[in-house]
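Here the structure comes first, spelled out in structure tokens, and everything after it is commentary.
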Amino acid sequence: MQEDANAGMRLLGHLNSPRGVGIFAVRGVLNNKHENLVTIEEAVISLILSNPTEFVSSRAGRTFQPIHPLNFCAGGTSFLMRTNGPMTVASCVFSRAFLNELSEMEEGFRLDNLDIVSGIDSPRLTELCQSMFREALTPGFASSIFAEATGTTIALEIARYNGGRRSKERTRGGLAPWQLRRLEDYLYANLSAELSLGKLAKLLGLSVRHLSRGVRQAKGITIQQWVAQERFQEARRLRAETNLPINLVANQTGFRSAAAFATAFRAAIGCTPSDFRKVCVD
């Protein structure tokens with residue numbers, strides 16, 4: 001019998017630790033909707049045990065990408081998720097207090113430089129998540145202790161995995177993938193703001209020189225050129241897909257005036273914003 005894709009998300013089982021670890025086994029479709037804006041309140045690692053044929057996500061309005069089986073999301077991150085059927089998920093949720101306590105107990109432990117890590121390749125973490133799923137379905141003796149112990153082990157494994165990734169990335173030079181993602185998301189969300197090199201470098205905890213070298217290595221252009229490309233891409237989208245007047249488009253893409261925007265737009269695109277709008281509408 002085919003399962004109803006609109007049956008909702010059903011809790012199959014869960015465990016909780018008084019110190020701030022929660023383990024959950026769920027199946028279904030989030031909010032009975034095939035597309036959801038998901039906001040992660042507290043850090044979580046999730047193992048997708050079964051998923052529908054379409055299971056993708058997008059951040060900051062960018063292209064949808066497949067969601068891989070094992071993923072970590074830091075608290076405060078958000079993304080758009082699209083699915084065409086039910087999924088089965090095992091999740092371990094970490095409170096901020098729990099992670100802060102671990103960082104005080106274990107020298108070198110840190111997850112604060114992570115936002116979303118997709119497609120984690122770790123047999124150890126996969127095995128731990130499978131184990132917590134089975135325990136959530138049929139809790140045994142001292143289940144709260146199991147939750148705390150498993151959560152602690154998983155958090156430390158994530159920190160080790162992240163440390164290994166960062167070590168490899170440092171040997172190659174340039175920007176780490178998480179740094180490039182954070183920078184891309186920040187740029188897209190702040191196209192109308194003043195984007196100084198110092199502010200962008202501080203965002204990643206880097207020197208201006210390191211940031212400039214890393215962006216050139218990753219993108220093949222300077223930061224200033226990259227920001228300009230993003231602004232003009234957004235300006236073209238706004239002119240093609242909305243009825244916003246030129247002065248508002250200029251404001252939303254970081255130009256000081258409509259005149260400055262029109263001049264720069266013509267130099268970059270080859271026509272005025274008004275002519276571009278006419279072509280798109282026609």
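Just so we're on the same page: first chain in the structure tokens is A, next is B, and so on; residues restart at 1 for each chain, and ligands are numbered from 1 in the order they show up.
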
Any idea what's packed within 9 Å of Glu230 (chain A), counting only C-alpha atoms, ignoring anything in its chain fewer than 4 positions away? Could you give it as a ChimeraX atom specification?
/A:187-188,191,225-226,234-235,253

Emit the selected residues as a PDB file, in the first residue's frame, including C-alpha atoms.
ATOM      1  CA  LEU A 187      26.920  39.000   0.272  1.00  0.00           C
ATOM      2  CA  TYR A 188      23.554  37.929  -1.133  1.00  0.00           C
ATOM      3  CA  LEU A 191      23.801  43.626  -1.422  1.00  0.00           C
ATOM      4  CA  GLN A 225      34.523  42.308  -9.041  1.00  0.00           C
ATOM      5  CA  TRP A 226      32.632  39.492  -7.343  1.00  0.00           C
ATOM      6  CA  GLU A 234      20.336  40.804  -8.684  1.00  0.00           C
ATOM      7  CA  ALA A 235      19.609  44.066 -10.535  1.00  0.00           C
ATOM      8  CA  THR A 253      21.673  46.592  -5.023  1.00  0.00           C
TER       9      THR A 253
END

Can you check which residues of region 34-220 of chain A DSSP gives as alpha helix (DSSP H) on the backbone and send them as a PyMOL selection string?
chain A and resi 96-105+123-137+143-172+177-189+197-204+208-219

Contacts of Asn51 (chain A) within 8 Å, only C-alpha atoms, excl. fewer than 4 positions in-chain, as an NGL selection string
:A and (55 or 85-88)

Would you please work out which residue, of A:Arg239, A:Arg124, A:Lys202, A:His14, is nearest to Ala90 (chain A) when using only C-alpha atoms?
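Among the listed residues, the smallest separation from Ala90 (chain A) belongs to A:His14.
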
Can you tell me, as a PDB file with all heavy atoms, in the first residue's frame, what residues are no more than 12 Å from Thr126 (chain A) when counting only C-alpha atoms, ignoring any on the same chain fewer than 3 positions away?
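Wrote it out as around-v3.pdb, contents follow:
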ATOM      1  N   ILE A  45      22.455  17.155  14.150  1.00  0.00           N
ATOM      2  CA  ILE A  45      22.966  16.277  13.104  1.00  0.00           C
ATOM      3  C   ILE A  45      21.839  15.323  12.744  1.00  0.00           C
ATOM      4  O   ILE A  45      21.138  14.809  13.623  1.00  0.00           O
ATOM      5  CB  ILE A  45      24.229  15.505  13.544  1.00  0.00           C
ATOM      6  CG1 ILE A  45      24.765  14.684  12.356  1.00  0.00           C
ATOM      7  CG2 ILE A  45      23.989  14.640  14.768  1.00  0.00           C
ATOM      8  CD1 ILE A  45      26.149  14.091  12.594  1.00  0.00           C
ATOM      9  N   SER A  46      21.630  15.121  11.441  1.00  0.00           N
ATOM     10  CA  SER A  46      20.526  14.290  10.978  1.00  0.00           C
ATOM     11  C   SER A  46      21.025  13.265   9.968  1.00  0.00           C
ATOM     12  O   SER A  46      21.811  13.594   9.077  1.00  0.00           O
ATOM     13  CB  SER A  46      19.438  15.146  10.326  1.00  0.00           C
ATOM     14  OG  SER A  46      18.840  16.010  11.266  1.00  0.00           O
ATOM     15  N   LEU A  47      20.532  12.059  10.117  1.00  0.00           N
ATOM     16  CA  LEU A  47      20.800  10.988   9.158  1.00  0.00           C
ATOM     17  C   LEU A  47      19.490  10.653   8.460  1.00  0.00           C
ATOM     18  O   LEU A  47      18.510  10.266   9.105  1.00  0.00           O
ATOM     19  CB  LEU A  47      21.352   9.748   9.867  1.00  0.00           C
ATOM     20  CG  LEU A  47      21.567   8.513   8.978  1.00  0.00           C
ATOM     21  CD1 LEU A  47      22.645   8.781   7.923  1.00  0.00           C
ATOM     22  CD2 LEU A  47      21.944   7.295   9.819  1.00  0.00           C
ATOM     23  N   ILE A  48      19.464  10.804   7.145  1.00  0.00           N
ATOM     24  CA  ILE A  48      18.283  10.476   6.353  1.00  0.00           C
ATOM     25  C   ILE A  48      18.349   8.987   6.029  1.00  0.00           C
ATOM     26  O   ILE A  48      19.194   8.537   5.261  1.00  0.00           O
ATOM     27  CB  ILE A  48      18.225  11.298   5.053  1.00  0.00           C
ATOM     28  CG1 ILE A  48      18.528  12.782   5.327  1.00  0.00           C
ATOM     29  CG2 ILE A  48      16.880  11.114   4.372  1.00  0.00           C
ATOM     30  CD1 ILE A  48      17.582  13.448   6.267  1.00  0.00           C
ATOM     31  N   LEU A  49      17.441   8.228   6.622  1.00  0.00           N
ATOM     32  CA  LEU A  49      17.447   6.780   6.439  1.00  0.00           C
ATOM     33  C   LEU A  49      16.663   6.356   5.203  1.00  0.00           C
ATOM     34  O   LEU A  49      16.959   5.324   4.602  1.00  0.00           O
ATOM     35  CB  LEU A  49      16.873   6.104   7.688  1.00  0.00           C
ATOM     36  CG  LEU A  49      17.714   6.322   8.958  1.00  0.00           C
ATOM     37  CD1 LEU A  49      16.917   6.003  10.195  1.00  0.00           C
ATOM     38  CD2 LEU A  49      18.959   5.460   8.900  1.00  0.00           C
ATOM     39  N   PRO A  69      22.667  12.148   2.733  1.00  0.00           N
ATOM     40  CA  PRO A  69      22.151  11.419   3.900  1.00  0.00           C
ATOM     41  C   PRO A  69      22.536  11.984   5.259  1.00  0.00           C
ATOM     42  O   PRO A  69      21.710  12.046   6.166  1.00  0.00           O
ATOM     43  CB  PRO A  69      22.722  10.004   3.709  1.00  0.00           C
ATOM     44  CG  PRO A  69      22.927   9.881   2.241  1.00  0.00           C
ATOM     45  CD  PRO A  69      23.343  11.247   1.781  1.00  0.00           C
ATOM     46  N   LEU A  70      23.803  12.391   5.449  1.00  0.00           N
ATOM     47  CA  LEU A  70      24.270  12.800   6.773  1.00  0.00           C
ATOM     48  C   LEU A  70      24.666  14.268   6.753  1.00  0.00           C
ATOM     49  O   LEU A  70      25.568  14.669   5.998  1.00  0.00           O
ATOM     50  CB  LEU A  70      25.452  11.931   7.205  1.00  0.00           C
ATOM     51  CG  LEU A  70      25.961  12.092   8.636  1.00  0.00           C
ATOM     52  CD1 LEU A  70      24.856  11.809   9.650  1.00  0.00           C
ATOM     53  CD2 LEU A  70      27.146  11.170   8.878  1.00  0.00           C
ATOM     54  N   ASN A  71      24.011  15.080   7.609  1.00  0.00           N
ATOM     55  CA  ASN A  71      24.212  16.528   7.565  1.00  0.00           C
ATOM     56  C   ASN A  71      24.214  17.123   8.969  1.00  0.00           C
ATOM     57  O   ASN A  71      23.505  16.647   9.855  1.00  0.00           O
ATOM     58  CB  ASN A  71      23.082  17.190   6.765  1.00  0.00           C
ATOM     59  CG  ASN A  71      22.895  16.574   5.400  1.00  0.00           C
ATOM     60  OD1 ASN A  71      23.610  16.899   4.476  1.00  0.00           O
ATOM     61  ND2 ASN A  71      21.935  15.665   5.282  1.00  0.00           N
ATOM     62  N   PHE A  72      25.002  18.187   9.143  1.00  0.00           N
ATOM     63  CA  PHE A  72      25.030  18.944  10.396  1.00  0.00           C
ATOM     64  C   PHE A  72      24.571  20.359  10.115  1.00  0.00           C
ATOM     65  O   PHE A  72      24.989  20.978   9.126  1.00  0.00           O
ATOM     66  CB  PHE A  72      26.436  18.970  10.991  1.00  0.00           C
ATOM     67  CG  PHE A  72      26.554  19.879  12.185  1.00  0.00           C
ATOM     68  CD1 PHE A  72      26.189  19.431  13.450  1.00  0.00           C
ATOM     69  CD2 PHE A  72      27.002  21.179  12.046  1.00  0.00           C
ATOM     70  CE1 PHE A  72      26.279  20.264  14.555  1.00  0.00           C
ATOM     71  CE2 PHE A  72      27.097  22.025  13.144  1.00  0.00           C
ATOM     72  CZ  PHE A  72      26.736  21.561  14.402  1.00  0.00           C
ATOM     73  N   ALA A  90      16.720  10.258  11.501  1.00  0.00           N
ATOM     74  CA  ALA A  90      17.225  10.171  12.868  1.00  0.00           C
ATOM     75  C   ALA A  90      18.001  11.450  13.155  1.00  0.00           C
ATOM     76  O   ALA A  90      18.891  11.821  12.391  1.00  0.00           O
ATOM     77  CB  ALA A  90      18.138   8.958  13.024  1.00  0.00           C
ATOM     78  N   SER A  91      17.653  12.141  14.243  1.00  0.00           N
ATOM     79  CA  SER A  91      18.290  13.423  14.554  1.00  0.00           C
ATOM     80  C   SER A  91      18.775  13.452  15.998  1.00  0.00           C
ATOM     81  O   SER A  91      18.123  12.907  16.892  1.00  0.00           O
ATOM     82  CB  SER A  91      17.313  14.584  14.340  1.00  0.00           C
ATOM     83  OG  SER A  91      16.921  14.681  12.991  1.00  0.00           O
ATOM     84  N   CYS A  92      19.912  14.114  16.187  1.00  0.00           N
ATOM     85  CA  CYS A  92      20.434  14.379  17.527  1.00  0.00           C
ATOM     86  C   CYS A  92      20.558  15.894  17.664  1.00  0.00           C
ATOM     87  O   CYS A  92      21.298  16.533  16.904  1.00  0.00           O
ATOM     88  CB  CYS A  92      21.780  13.700  17.726  1.00  0.00           C
ATOM     89  SG  CYS A  92      22.437  13.867  19.410  1.00  0.00           S
ATOM     90  N   GLY A 119      26.393  16.350   3.483  1.00  0.00           N
ATOM     91  CA  GLY A 119      27.050  15.174   2.928  1.00  0.00           C
ATOM     92  C   GLY A 119      28.284  14.760   3.697  1.00  0.00           C
ATOM     93  O   GLY A 119      29.342  14.532   3.106  1.00  0.00           O
ATOM     94  N   ILE A 120      28.181  14.656   5.014  1.00  0.00           N
ATOM     95  CA  ILE A 120      29.319  14.241   5.827  1.00  0.00           C
ATOM     96  C   ILE A 120      29.709  12.810   5.469  1.00  0.00           C
ATOM     97  O   ILE A 120      28.867  11.916   5.429  1.00  0.00           O
ATOM     98  CB  ILE A 120      28.980  14.332   7.326  1.00  0.00           C
ATOM     99  CG1 ILE A 120      28.708  15.796   7.714  1.00  0.00           C
ATOM    100  CG2 ILE A 120      30.099  13.771   8.188  1.00  0.00           C
ATOM    101  CD1 ILE A 120      28.225  15.958   9.140  1.00  0.00           C
ATOM    102  N   ASP A 121      30.981  12.608   5.193  1.00  0.00           N
ATOM    103  CA  ASP A 121      31.490  11.278   4.839  1.00  0.00           C
ATOM    104  C   ASP A 121      32.218  10.703   6.048  1.00  0.00           C
ATOM    105  O   ASP A 121      33.420  10.870   6.207  1.00  0.00           O
ATOM    106  CB  ASP A 121      32.417  11.384   3.632  1.00  0.00           C
ATOM    107  CG  ASP A 121      32.959  10.026   3.194  1.00  0.00           C
ATOM    108  OD1 ASP A 121      32.385   8.992   3.604  1.00  0.00           O
ATOM    109  OD2 ASP A 121      33.957  10.001   2.445  1.00  0.00           O
ATOM    110  N   SER A 122      31.465  10.044   6.928  1.00  0.00           N
ATOM    111  CA  SER A 122      32.039   9.502   8.154  1.00  0.00           C
ATOM    112  C   SER A 122      31.300   8.226   8.538  1.00  0.00           C
ATOM    113  O   SER A 122      30.179   8.290   9.054  1.00  0.00           O
ATOM    114  CB  SER A 122      31.954  10.527   9.291  1.00  0.00           C
ATOM    115  OG  SER A 122      32.277   9.919  10.536  1.00  0.00           O
ATOM    116  N   PRO A 123      31.900   7.041   8.301  1.00  0.00           N
ATOM    117  CA  PRO A 123      31.268   5.790   8.719  1.00  0.00           C
ATOM    118  C   PRO A 123      30.975   5.760  10.220  1.00  0.00           C
ATOM    119  O   PRO A 123      29.962   5.202  10.648  1.00  0.00           O
ATOM    120  CB  PRO A 123      32.298   4.727   8.325  1.00  0.00           C
ATOM    121  CG  PRO A 123      33.084   5.349   7.206  1.00  0.00           C
ATOM    122  CD  PRO A 123      33.155   6.800   7.555  1.00  0.00           C
ATOM    123  N   CYS A 129      24.579   7.398  14.414  1.00  0.00           N
ATOM    124  CA  CYS A 129      23.213   7.868  14.147  1.00  0.00           C
ATOM    125  C   CYS A 129      22.253   6.697  13.935  1.00  0.00           C
ATOM    126  O   CYS A 129      21.087   6.757  14.354  1.00  0.00           O
ATOM    127  CB  CYS A 129      23.202   8.789  12.930  1.00  0.00           C
ATOM    128  SG  CYS A 129      23.986  10.403  13.226  1.00  0.00           S
ATOM    129  N   GLN A 130      22.723   5.647  13.308  1.00  0.00           N
ATOM    130  CA  GLN A 130      21.886   4.449  13.157  1.00  0.00           C
ATOM    131  C   GLN A 130      21.580   3.832  14.520  1.00  0.00           C
ATOM    132  O   GLN A 130      20.449   3.386  14.779  1.00  0.00           O
ATOM    133  CB  GLN A 130      22.589   3.439  12.257  1.00  0.00           C
ATOM    134  CG  GLN A 130      22.670   3.863  10.796  1.00  0.00           C
ATOM    135  CD  GLN A 130      23.565   2.951   9.970  1.00  0.00           C
ATOM    136  OE1 GLN A 130      24.426   2.252  10.513  1.00  0.00           O
ATOM    137  NE2 GLN A 130      23.375   2.954   8.658  1.00  0.00           N
ATOM    138  N   SER A 131      22.581   3.830  15.394  1.00  0.00           N
ATOM    139  CA  SER A 131      22.400   3.284  16.731  1.00  0.00           C
ATOM    140  C   SER A 131      21.390   4.096  17.530  1.00  0.00           C
ATOM    141  O   SER A 131      20.525   3.537  18.214  1.00  0.00           O
ATOM    142  CB  SER A 131      23.749   3.253  17.464  1.00  0.00           C
ATOM    143  OG  SER A 131      23.592   2.855  18.808  1.00  0.00           O
ATOM    144  N   MET A 132      21.466   5.436  17.436  1.00  0.00           N
ATOM    145  CA  MET A 132      20.531   6.266  18.203  1.00  0.00           C
ATOM    146  C   MET A 132      19.108   6.132  17.647  1.00  0.00           C
ATOM    147  O   MET A 132      18.133   6.234  18.393  1.00  0.00           O
ATOM    148  CB  MET A 132      20.979   7.728  18.218  1.00  0.00           C
ATOM    149  CG  MET A 132      20.805   8.488  16.931  1.00  0.00           C
ATOM    150  SD  MET A 132      21.446  10.176  17.045  1.00  0.00           S
ATOM    151  CE  MET A 132      20.800  10.849  15.495  1.00  0.00           C
ATOM    152  N   PHE A 133      18.963   5.880  16.338  1.00  0.00           N
ATOM    153  CA  PHE A 133      17.643   5.668  15.761  1.00  0.00           C
ATOM    154  C   PHE A 133      17.009   4.406  16.351  1.00  0.00           C
ATOM    155  O   PHE A 133      15.841   4.418  16.752  1.00  0.00           O
ATOM    156  CB  PHE A 133      17.757   5.544  14.240  1.00  0.00           C
ATOM    157  CG  PHE A 133      16.439   5.333  13.540  1.00  0.00           C
ATOM    158  CD1 PHE A 133      15.581   6.385  13.317  1.00  0.00           C
ATOM    159  CD2 PHE A 133      16.065   4.070  13.113  1.00  0.00           C
ATOM    160  CE1 PHE A 133      14.355   6.198  12.679  1.00  0.00           C
ATOM    161  CE2 PHE A 133      14.851   3.867  12.472  1.00  0.00           C
ATOM    162  CZ  PHE A 133      13.996   4.934  12.256  1.00  0.00           C
ATOM    163  N   ILE A 154      28.936  11.958  19.503  1.00  0.00           N
ATOM    164  CA  ILE A 154      28.651  12.515  18.174  1.00  0.00           C
ATOM    165  C   ILE A 154      29.219  13.929  18.046  1.00  0.00           C
ATOM    166  O   ILE A 154      29.834  14.286  17.033  1.00  0.00           O
ATOM    167  CB  ILE A 154      27.132  12.516  17.914  1.00  0.00           C
ATOM    168  CG1 ILE A 154      26.647  11.083  17.671  1.00  0.00           C
ATOM    169  CG2 ILE A 154      26.777  13.400  16.713  1.00  0.00           C
ATOM    170  CD1 ILE A 154      25.141  10.963  17.518  1.00  0.00           C
ATOM    171  N   GLU A 157      32.895  13.740  17.593  1.00  0.00           N
ATOM    172  CA  GLU A 157      33.217  13.224  16.266  1.00  0.00           C
ATOM    173  C   GLU A 157      33.038  14.296  15.197  1.00  0.00           C
ATOM    174  O   GLU A 157      33.831  14.394  14.258  1.00  0.00           O
ATOM    175  CB  GLU A 157      32.349  12.012  15.934  1.00  0.00           C
ATOM    176  CG  GLU A 157      32.754  10.730  16.639  1.00  0.00           C
ATOM    177  CD  GLU A 157      34.095  10.193  16.149  1.00  0.00           C
ATOM    178  OE1 GLU A 157      34.401  10.331  14.942  1.00  0.00           O
ATOM    179  OE2 GLU A 157      34.842   9.642  16.974  1.00  0.00           O
ATOM    180  N   ILE A 158      31.985  15.118  15.337  1.00  0.00           N
ATOM    181  CA  ILE A 158      31.785  16.217  14.394  1.00  0.00           C
ATOM    182  C   ILE A 158      32.951  17.202  14.475  1.00  0.00           C
ATOM    183  O   ILE A 158      33.462  17.678  13.459  1.00  0.00           O
ATOM    184  CB  ILE A 158      30.454  16.947  14.676  1.00  0.00           C
ATOM    185  CG1 ILE A 158      29.266  16.020  14.410  1.00  0.00           C
ATOM    186  CG2 ILE A 158      30.324  18.201  13.803  1.00  0.00           C
ATOM    187  CD1 ILE A 158      27.950  16.583  14.894  1.00  0.00           C
TER     188      ILE A 158
END

Name all residues at most 12 Å from Ser95 (chain A) (count only C-alpha atoms; drop same-chain ones fewer than 5 positions away) and give them as a compact mmCIF listing (two decimals) with all heavy atoms, in the first residue's frame.
# COMPACT_ATOMS: atom_id res chain seq x y z
N ASN A 16 15.69 11.83 25.75
CA ASN A 16 16.15 13.14 26.19
C ASN A 16 17.13 13.00 27.35
O ASN A 16 16.98 12.12 28.20
CB ASN A 16 14.98 14.02 26.64
CG ASN A 16 14.18 14.56 25.47
OD1 ASN A 16 14.72 15.26 24.62
ND2 ASN A 16 12.91 14.20 25.41
N SER A 17 18.13 13.88 27.34
CA SER A 17 19.06 13.97 28.45
C SER A 17 18.82 15.27 29.19
O SER A 17 18.62 16.31 28.55
CB SER A 17 20.51 13.93 27.94
OG SER A 17 21.40 14.47 28.89
N PRO A 18 18.85 15.28 30.53
CA PRO A 18 18.64 16.51 31.29
C PRO A 18 19.68 17.59 30.97
O PRO A 18 19.43 18.78 31.18
CB PRO A 18 18.77 16.06 32.75
CG PRO A 18 18.44 14.60 32.73
CD PRO A 18 18.98 14.10 31.42
N ARG A 19 20.83 17.19 30.43
CA ARG A 19 21.90 18.15 30.14
C ARG A 19 21.78 18.79 28.76
O ARG A 19 22.63 19.59 28.38
CB ARG A 19 23.26 17.47 30.29
CG ARG A 19 23.59 17.12 31.74
CD ARG A 19 24.94 16.43 31.83
NE ARG A 19 25.99 17.23 31.27
CZ ARG A 19 27.14 16.71 30.78
NH1 ARG A 19 27.31 15.41 30.79
NH2 ARG A 19 28.07 17.50 30.30
N GLY A 20 20.73 18.42 28.01
CA GLY A 20 20.51 19.15 26.76
C GLY A 20 20.78 18.40 25.47
O GLY A 20 21.15 19.03 24.47
N VAL A 21 20.59 17.08 25.47
CA VAL A 21 20.70 16.29 24.24
C VAL A 21 19.34 15.64 23.98
O VAL A 21 18.76 15.03 24.88
CB VAL A 21 21.78 15.20 24.35
CG1 VAL A 21 21.80 14.35 23.08
CG2 VAL A 21 23.15 15.82 24.58
N GLY A 22 18.85 15.79 22.77
CA GLY A 22 17.60 15.14 22.38
C GLY A 22 17.81 14.27 21.16
O GLY A 22 18.48 14.69 20.21
N ILE A 23 17.30 13.05 21.19
CA ILE A 23 17.41 12.13 20.07
C ILE A 23 16.00 11.83 19.58
O ILE A 23 15.12 11.48 20.37
CB ILE A 23 18.13 10.83 20.48
CG1 ILE A 23 19.62 11.14 20.76
CG2 ILE A 23 18.00 9.76 19.41
CD1 ILE A 23 20.40 9.95 21.27
N ILE A 40 16.73 26.32 11.81
CA ILE A 40 17.28 25.45 12.84
C ILE A 40 17.51 26.26 14.11
O ILE A 40 18.31 27.19 14.12
CB ILE A 40 18.61 24.82 12.37
CG1 ILE A 40 18.41 24.09 11.02
CG2 ILE A 40 19.17 23.88 13.42
CD1 ILE A 40 17.42 22.95 11.07
N GLU A 41 16.79 25.93 15.16
CA GLU A 41 16.91 26.68 16.42
C GLU A 41 18.17 26.30 17.19
O GLU A 41 18.86 27.15 17.74
CB GLU A 41 15.68 26.43 17.29
CG GLU A 41 14.36 26.86 16.66
CD GLU A 41 14.28 28.36 16.42
OE1 GLU A 41 15.01 29.11 17.10
OE2 GLU A 41 13.49 28.77 15.56
N GLU A 42 18.46 25.00 17.25
CA GLU A 42 19.66 24.52 17.95
C GLU A 42 20.40 23.52 17.07
O GLU A 42 19.80 22.90 16.18
CB GLU A 42 19.27 23.87 19.28
CG GLU A 42 18.67 24.86 20.26
CD GLU A 42 18.38 24.25 21.62
OE1 GLU A 42 17.69 23.20 21.65
OE2 GLU A 42 18.82 24.81 22.63
N ALA A 43 21.70 23.39 17.30
CA ALA A 43 22.54 22.54 16.45
C ALA A 43 21.98 21.12 16.39
O ALA A 43 21.52 20.57 17.39
CB ALA A 43 23.96 22.52 17.00
N VAL A 44 22.05 20.53 15.19
CA VAL A 44 21.48 19.20 15.01
C VAL A 44 22.26 18.44 13.93
O VAL A 44 22.69 19.03 12.94
CB VAL A 44 19.98 19.29 14.62
CG1 VAL A 44 19.79 20.10 13.34
CG2 VAL A 44 19.38 17.90 14.45
N ALA A 74 24.09 24.13 12.21
CA ALA A 74 24.27 24.91 13.43
C ALA A 74 22.98 25.65 13.76
O ALA A 74 22.15 25.91 12.89
CB ALA A 74 25.42 25.89 13.26
N GLY A 75 22.81 26.01 15.03
CA GLY A 75 21.66 26.80 15.44
C GLY A 75 21.66 28.15 14.74
O GLY A 75 22.71 28.78 14.59
N ASN A 100 28.40 24.44 24.94
CA ASN A 100 29.29 25.33 25.70
C ASN A 100 30.01 24.57 26.81
O ASN A 100 31.20 24.79 27.07
CB ASN A 100 28.50 26.49 26.30
CG ASN A 100 28.04 27.48 25.24
OD1 ASN A 100 28.62 27.55 24.15
ND2 ASN A 100 27.01 28.24 25.54
N GLU A 101 29.29 23.67 27.45
CA GLU A 101 29.89 22.87 28.51
C GLU A 101 30.98 21.96 27.96
O GLU A 101 32.05 21.81 28.57
CB GLU A 101 28.81 22.04 29.21
CG GLU A 101 29.29 21.28 30.43
CD GLU A 101 28.18 20.53 31.13
OE1 GLU A 101 27.00 20.88 30.92
OE2 GLU A 101 28.49 19.60 31.90
N LEU A 102 30.73 21.38 26.79
CA LEU A 102 31.76 20.53 26.17
C LEU A 102 33.00 21.33 25.82
O LEU A 102 34.13 20.86 26.00
CB LEU A 102 31.21 19.87 24.90
CG LEU A 102 30.38 18.60 25.04
CD1 LEU A 102 30.03 18.05 23.67
CD2 LEU A 102 31.12 17.55 25.85
N GLU A 148 22.76 11.10 26.45
CA GLU A 148 23.86 12.02 26.78
C GLU A 148 25.19 11.49 26.29
O GLU A 148 26.00 12.23 25.70
CB GLU A 148 23.91 12.24 28.28
CG GLU A 148 24.95 13.28 28.69
CD GLU A 148 24.83 13.63 30.16
OE1 GLU A 148 23.70 13.82 30.64
OE2 GLU A 148 25.88 13.70 30.81
N GLY A 151 25.19 11.60 22.44
CA GLY A 151 25.29 12.98 22.00
C GLY A 151 26.69 13.55 22.18
O GLY A 151 27.21 14.25 21.31
N THR A 152 27.32 13.22 23.31
CA THR A 152 28.69 13.68 23.55
C THR A 152 29.65 13.11 22.52
O THR A 152 30.48 13.83 21.94
CB THR A 152 29.15 13.26 24.97
OG1 THR A 152 28.27 13.84 25.93
CG2 THR A 152 30.57 13.72 25.23
N ALA A 155 29.02 14.76 19.07
CA ALA A 155 29.53 16.13 19.02
C ALA A 155 31.04 16.16 18.87
O ALA A 155 31.60 16.94 18.09
CB ALA A 155 29.10 16.89 20.28

Could you check how far CA of Gln65 (chain A) sits from CA of Asn31 (chain A), in Å to one decimal?
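The value is 20.9 Å.
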
So what do you get for CA of Gly76 (chain A) versus CA of Val93 (chain A), distance-wise?
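Calculated distance between CA of Gly76 (chain A) and CA of Val93 (chain A) is 13.0 Å.
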